[in-house]
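Undergrad: As input, take target-v3.pdb (PDB, C-alpha atoms and all ligand atoms):
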ATOM      1  CA  MET F 452    -170.246 -22.067  62.040
ATOM      2  CA  SER F 453    -172.749 -22.092  64.816
ATOM      3  CA  ALA F 454    -172.275 -23.952  68.032
ATOM      4  CA  PRO F 455    -174.659 -26.815  68.602
ATOM      5  CA  LYS F 456    -177.589 -25.849  70.757
ATOM      6  CA  LYS F 457    -177.411 -27.396  74.167
ATOM      7  CA  LYS F 458    -180.216 -27.331  76.625
ATOM      8  CA  SER F 459    -178.095 -26.256  79.519
ATOM      9  CA  PRO F 460    -178.486 -23.508  82.097
ATOM     10  CA  TYR F 461    -174.762 -22.807  81.805
ATOM     11  CA  GLY F 462    -175.220 -20.244  79.109
ATOM     12  CA  TYR F 463    -174.569 -16.564  78.676
ATOM     13  CA  ARG F 464    -176.731 -15.589  81.617
ATOM     14  CA  TRP F 465    -174.787 -17.942  83.904
ATOM     15  CA  GLN F 466    -171.449 -16.605  82.646
ATOM     16  CA  LYS F 467    -172.467 -13.047  83.512
ATOM     17  CA  ALA F 468    -173.927 -14.016  86.899
ATOM     18  CA  ARG F 469    -170.839 -16.060  87.669
ATOM     19  CA  GLU F 470    -168.513 -13.170  86.830
ATOM     20  CA  ALA F 471    -170.514 -10.854  89.055
ATOM     21  CA  PHE F 472    -170.436 -13.376  91.893
ATOM     22  CA  LEU F 473    -166.676 -13.867  91.636
ATOM     23  CA  ALA F 474    -166.205 -10.103  91.562
ATOM     24  CA  LYS F 475    -168.173  -9.868  94.789
ATOM     25  CA  TYR F 476    -166.629 -12.946  96.428
ATOM     26  CA  PRO F 477    -163.178 -13.209  94.855
ATOM     27  CA  LEU F 478    -161.681 -15.619  97.384
ATOM     28  CA  CYS F 479    -161.993 -19.389  97.735
ATOM     29  CA  ALA F 480    -164.526 -20.213 100.445
ATOM     30  CA  GLU F 481    -162.860 -23.510 101.398
ATOM     31  CA  HIS F 482    -159.435 -21.953 101.783
ATOM     32  CA  ALA F 483    -160.979 -19.042 103.683
ATOM     33  CA  ARG F 484    -162.194 -21.555 106.289
ATOM     34  CA  LEU F 485    -158.569 -22.547 106.781
ATOM     35  CA  GLY F 486    -157.568 -18.915 107.072
ATOM     36  CA  GLN F 487    -155.888 -18.990 103.692
ATOM     37  CA  THR F 488    -156.296 -16.465 100.932
ATOM     38  CA  VAL F 489    -156.662 -18.043  97.507
ATOM     39  CA  VAL F 490    -158.226 -16.448  94.478
ATOM     40  CA  ALA F 491    -161.397 -18.255  93.407
ATOM     41  CA  THR F 492    -162.002 -19.050  89.769
ATOM     42  CA  VAL F 493    -165.065 -21.281  90.019
ATOM     43  CA  VAL F 494    -168.595 -20.721  91.274
ATOM     44  CA  ASP F 495    -169.830 -23.940  92.798
ATOM     45  CA  HIS F 496    -173.285 -25.019  93.902
ATOM     46  CA  VAL F 497    -173.141 -25.953  97.590
ATOM     47  CA  GLU F 498    -176.130 -28.211  97.182
ATOM     48  CA  PRO F 499    -176.171 -29.924  93.770
ATOM     49  CA  HIS F 500    -178.921 -28.324  91.748
ATOM     50  CA  ARG F 501    -179.682 -31.514  89.804
ATOM     51  CA  GLY F 502    -181.404 -29.521  87.121
ATOM     52  CA  CYS F 503    -183.498 -27.592  89.631
ATOM     53  CA  MET F 504    -183.542 -24.005  88.408
ATOM     54  CA  LYS F 505    -184.513 -22.675  91.825
ATOM     55  CA  LEU F 506    -181.355 -24.115  93.381
ATOM     56  CA  PHE F 507    -179.310 -23.245  90.320
ATOM     57  CA  TRP F 508    -180.031 -19.520  90.548
ATOM     58  CA  ASP F 509    -180.150 -19.299  94.341
ATOM     59  CA  ARG F 510    -177.086 -17.245  95.199
ATOM     60  CA  ASP F 511    -177.311 -18.438  98.803
ATOM     61  CA  ASN F 512    -176.446 -21.827  97.338
ATOM     62  CA  TRP F 513    -173.346 -20.535  95.558
ATOM     63  CA  GLN F 514    -169.777 -20.452  96.782
ATOM     64  CA  SER F 515    -166.578 -19.246  95.232
ATOM     65  CA  LEU F 516    -163.900 -21.919  95.015
ATOM     66  CA  CYS F 517    -160.444 -22.203  93.547
ATOM     67  CA  LYS F 518    -160.072 -24.929  90.934
ATOM     68  CA  GLN F 519    -158.273 -27.211  93.359
ATOM     69  CA  CYS F 520    -161.059 -27.084  95.948
ATOM     70  CA  HIS F 521    -163.702 -27.432  93.270
ATOM     71  CA  ASP F 522    -162.094 -30.633  91.994
ATOM     72  CA  VAL F 523    -161.788 -32.029  95.521
ATOM     73  CA  HIS F 524    -165.417 -31.171  96.133
ATOM     74  CA  LYS F 525    -166.466 -33.089  93.037
ATOM     75  CA  GLN F 526    -164.210 -36.048  93.769
ATOM     76  CA  ARG F 527    -165.643 -36.310  97.242
ATOM     77  CA  PHE F 528    -169.040 -36.780  95.649
ATOM     78  CA  GLU F 529    -167.745 -39.390  93.268
ATOM     79  CA  LYS F 530    -165.847 -41.381  95.868
ATOM     80  CA  SER F 531    -167.871 -41.178  99.041
ATOM     81  CA  GLY F 532    -171.322 -41.653  97.728
ATOM     82  CA  ARG F 533    -173.248 -42.236  94.658
ATOM     83  CA  VAL F 534    -175.036 -39.296  93.213
ATOM     84  CA  SER F 535    -178.667 -40.199  93.173
ATOM     85  CA  GLY F 536    -181.289 -38.728  90.973
ATOM     86  CA  CYS F 537    -181.657 -37.841  87.356
ATOM     87  CA  ASP F 538    -181.146 -34.760  85.294
ATOM     88  CA  GLU F 539    -183.833 -32.966  83.354
ATOM     89  CA  PHE F 540    -183.491 -35.476  80.524
ATOM     90  CA  GLY F 541    -184.041 -38.454  82.809
ATOM     91  CA  ASN F 542    -180.437 -39.597  82.634
ATOM     92  CA  PRO F 543    -178.640 -40.613  85.811
ATOM     93  CA  ILE F 544    -176.465 -37.828  87.194
ATOM     94  CA  ASP F 545    -174.068 -40.267  88.800
ATOM     95  CA  PRO F 546    -170.966 -40.216  86.551
ATOM     96  CA  THR F 547    -170.137 -43.787  87.602
ATOM     97  CA  HIS F 548    -173.523 -45.077  86.522
ATOM     98  CA  HIS F 549    -173.154 -47.676  83.793
ATOM     99  CA  TRP F 550    -175.475 -45.637  81.569
ATOM    100  CA  ASN F 551    -172.716 -43.054  81.431
ATOM    101  CA  ASN F 552    -170.074 -45.602  80.456
ATOM    102  CA  PRO F 553    -171.464 -47.204  77.329
ATOM    103  CA  GLY F 554    -168.042 -48.359  76.178
ATOM    104  CA  GLY F 555    -167.126 -50.119  79.365
ATOM    105  CA  ARG F 556    -163.580 -50.203  80.617
ATOM    106  CA  GLY F 557    -161.839 -51.536  77.572
ATOM    107  CA  GLY F 558    -158.963 -49.859  75.909
TER     108      GLY F 558
HETATM  109 ZN    ZN F 601    -159.453 -23.356  97.537
END
Give the structure from this file in structure tokens form.
Ligand SMILES: [Zn+2]

TA:
Amino acid sequence: MSAPKKKSPYGYRWQKAREAFLAKYPLCAEHARLGQTVVATVVDHVEPHRGCMKLFWDRDNWQSLCKQCHDVHKQRFEKSGRVSGCDEFGNPIDPTHHWNNPGGRGG
């Protein structure tokens, strides 16, 4: 059984880089700003890479976050502004875009 091939940068190389980054910066950056010490479990892109490999691999654009802060970060994007732009396949990145909700709201 082989996993389906996905054209995504989040592969093995990312997993290793992510582990190394978390080992180097083990604490949540958002909580650190509040003077709180929380173990980070997620590496987040400060500026959304939008399929741009330069931004994706730019460690200056990475931050360690705990899951809670990561979710808040993402929700802020979803609530406060639409995500503009397209991914490498030409699909809208905005998760609220109707292209990403083919089934509508039924159910
Ligand atoms: Zn946090």

Undergrad: Please return as a ChimeraX atom specification the residues found within 12 Å of ligand ZN 601 (chain F), counting only C-alpha atoms and all ligand atoms.

TA: /F:477-495,514-524

Undergrad: Atom CA of F:Glu498 and atom CA of F:Tyr463, how far apart in Å?

TA: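 A separation of 21.9 Å between them.
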
Undergrad: Looking at F:Tyr476, F:Arg527, F:Met504, F:Arg510, which one is nearest to F:Tyr461, with distances taken over only C-alpha atoms?

TA: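 For F:Tyr461, the nearest of the given residues is F:Met504.
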
Undergrad: Just the number, please: distance in Å from atom CA of F:Gln526 to atom CA of F:Arg464, one decimal.

TA: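 Those two atoms sit 26.9 Å apart.
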
Undergrad: Measure the distance from atom CA of F:Glu470 to atom CA of F:Lys525 in Å and round it to one decimal.

TA: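 The value is 21.0 Å.
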
Undergrad: Translate the PyMOL selection byres (((chain F and resi 508) around 12) and not hetatm) into a concrete residue list for this structure, as a count of residues only.

TA: 25
